[in-house]
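Visitor: Starting off with a structure, shown below.
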Amino acid sequence: MKYTLKSIFNLALVLISLSAFAQDKKKDTVAPRTERYGLRLGTDLYKIARSIYDNDYKGFEITGDYRLTEKIYIAGEVGNENKTTDEPQLNFTTKGTYFKAGFDYNIYKNWLDMENMITLGMRYGVSSFTQELNSYSIYNPHPYFDESDVITVSRKYSGLSAHWVEFVAGVKAEVFDNFFMGFTLRLNRLVSNKKPSDFDNLYIPGYNRTYDGDFGVGFNYTVSYFIPIYKKKNLPKAETEGKKKE
């Protein structure tokens, strides 16, 4: 499934438009705004869909965030992946779990009673997994004359782990009461990586495919439900500045 920046931007506009259509039109005033604080839980629809159509992949991810201040949310993800990767020189299966924790900062200014989000944030990710080497082929510098022999093995490596940092950008839009849809794009940088003895960790659960050794990219497409816990009045910026001058 391929995504371009243009298609992602268009998707963001659609989500925000759906949310705006679902809200009642109200006149904005200078009165204090009562905003909701609580916990939002969801799941990654892409991993669920991929588990259905891709025979070499099984996975799920649970997402969550908690509104800490007007703009800052504590956020995280936990999941499990089982993926078989078929490379030109080797075939291997990766199985494991992962956990990510960090924060999101909402840079979007909502209209009255709307709770949409355009966020920038960071995560620290930890993954524990196994790699199983299924088969490999010996490199042949003259493939037109001799075919490479494929050697079938069943060699399992346990106790592997990886730590990384993610830079996250995302969108969440309320499409129905308390129901949100959104997506995030992620740029990953490995901090530590415990590898098997005779080949690299080309795929890490939660991190995805590794590129150039230490870098990776990822995304998720989520549906989530917001659980209100309490409400808080946030003064408009103009009124807040006026009180400070007094």
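Naming works like this for the structure tokens: A, B, ... for the chains as they're shown, residue 1 at the start of each chain, ligands 1 onward in shown order.
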So which residues touch Val223 in chain A within 6 Å, counting only C-alpha atoms, skipping near sequence neighbours fewer than 3 positions away, as a ChimeraX atom specification?
Guide: /A:42-43,180-181
Visitor: Taking the chain letters and numbering used in this document, name the residues of range 28-174 of chain A that DSSP puts in alpha helix (DSSP H), as a count of residues only.
Guide: 9
Visitor: Step one, run DSSP on the backbone; step two, keep only residues of range 179-216 of chain A assigned to strand (DSSP E or B); then write them as a short mmCIF file (atom, residue, chain, number, x, y, z; two decimals) with N, CA and C atoms, in the first residue's frame.
Guide:
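What follows is the written file out-v6.cif:
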```cif
data_model
loop_
_atom_site.label_atom_id
_atom_site.label_comp_id
_atom_site.auth_asym_id
_atom_site.auth_seq_id
_atom_site.Cartn_x
_atom_site.Cartn_y
_atom_site.Cartn_z
N PHE A 179 -15.93 9.44 18.95
CA PHE A 179 -15.20 8.54 18.05
C PHE A 179 -14.27 9.35 17.15
N PHE A 180 -13.00 8.93 17.11
CA PHE A 180 -11.99 9.64 16.34
C PHE A 180 -11.35 8.71 15.31
N MET A 181 -10.98 9.30 14.18
CA MET A 181 -10.17 8.59 13.19
C MET A 181 -8.94 9.44 12.90
N GLY A 182 -7.83 8.78 12.59
CA GLY A 182 -6.62 9.54 12.34
C GLY A 182 -5.48 8.66 11.85
N PHE A 183 -4.33 9.29 11.65
CA PHE A 183 -3.14 8.56 11.25
C PHE A 183 -1.91 9.30 11.76
N THR A 184 -0.80 8.59 11.84
CA THR A 184 0.47 9.20 12.21
C THR A 184 1.55 8.72 11.25
N LEU A 185 2.52 9.59 11.01
CA LEU A 185 3.73 9.25 10.27
C LEU A 185 4.90 9.31 11.24
N ARG A 186 5.87 8.36 11.10
CA ARG A 186 6.92 8.23 12.09
C ARG A 186 8.28 8.06 11.43
N LEU A 187 9.26 8.80 11.96
CA LEU A 187 10.65 8.65 11.57
C LEU A 187 11.41 8.08 12.76
N ASN A 188 12.05 6.91 12.58
CA ASN A 188 12.65 6.17 13.68
C ASN A 188 14.18 6.21 13.62
N ARG A 189 14.78 6.22 14.81
CA ARG A 189 16.25 6.16 14.92
C ARG A 189 16.61 5.18 16.03
N LEU A 190 17.33 4.10 15.67
CA LEU A 190 17.71 3.09 16.64
C LEU A 190 18.70 3.65 17.67
N VAL A 191 18.48 3.27 18.92
CA VAL A 191 19.40 3.61 20.00
C VAL A 191 20.28 2.40 20.32
N SER A 192 19.67 1.21 20.41
CA SER A 192 20.42 -0.02 20.61
C SER A 192 19.72 -1.14 19.85
N ASN A 193 20.48 -2.19 19.49
CA ASN A 193 19.94 -3.24 18.64
C ASN A 193 20.73 -4.52 18.87
N LYS A 194 20.14 -5.47 19.60
CA LYS A 194 20.78 -6.76 19.84
C LYS A 194 20.49 -7.69 18.68
N TYR A 203 14.08 -6.55 10.14
CA TYR A 203 12.72 -6.15 10.54
C TYR A 203 12.61 -6.28 12.05
N ILE A 204 12.05 -5.24 12.71
CA ILE A 204 11.91 -5.21 14.16
C ILE A 204 10.45 -4.90 14.48
N ASN A 208 9.43 -1.60 12.36
CA ASN A 208 9.28 -1.91 10.94
C ASN A 208 10.64 -2.21 10.30
N ARG A 209 10.72 -2.04 9.01
CA ARG A 209 11.93 -2.36 8.27
C ARG A 209 13.04 -1.37 8.62
N TYR A 211 16.47 0.66 7.61
CA TYR A 211 17.13 1.18 6.41
C TYR A 211 18.46 1.81 6.82
N PHE A 215 18.08 3.70 10.68
CA PHE A 215 16.90 4.52 10.43
C PHE A 215 15.73 3.68 9.90
N GLY A 216 14.53 4.13 10.20
CA GLY A 216 13.33 3.46 9.72
C GLY A 216 12.17 4.44 9.66
#
```
Visitor: So how far away is CA of Lys100 in chain A from CA of Asp214 in chain A, in Å?
Guide: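 Computed distance, CA of Asp214 in chain A to CA of Lys100 in chain A, equals 17.5 Å.
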Visitor: Pick out the closest residue to Asn220 in chain A from this set: A:Tyr73, A:Tyr124, A:Phe92, A:Tyr207. Count only C-alpha atoms.
Guide: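 That would be A:Tyr207, the residue with the smallest distance to Asn220 in chain A.
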Visitor: Expressed in Å to a single decimal, how great is the separation between CA of Glu61 in chain A and CA of Phe129 in chain A?
Guide: 15.5 Å
Visitor: Quick one: of A:Tyr221, A:Lys233, A:Tyr108, A:Gly79, who's nearest to Ala49 in chain A, counting only C-alpha atoms?
Guide: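 Comparing A:Tyr221, A:Lys233, A:Tyr108, A:Gly79 against Ala49 in chain A, the winner is A:Tyr221.
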Visitor: Rank nothing, just name the residue among A:Asn82, A:Thr97, A:Ser51, A:Thr63 nearest to Thr222 in chain A, using only C-alpha atoms.
Guide: A:Thr63
Visitor: Which residue is closest to Arg36 in chain A? Choose from A:Leu120, A:Met114, A:Ile48, A:Ile62 and count only C-alpha atoms.
Guide: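 Residue with the minimum atom-to-atom distance to Arg36 in chain A: A:Met114.
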Visitor: Need to verify the contact set: Gly76 in chain A, 12 Å, only C-alpha atoms, exclusion of same-chain residues closer than 2 positions in sequence. Can you return it as a PyMOL selection string?
Guide: chain A and resi 39-43+61-66+73-74+78-79+98-104+121-126+166+168+206
Visitor: Report, in Å to a single decimal, how far apart CA of Ala75 in chain A and CA of Pro228 in chain A are.
Guide: 16.0 Å
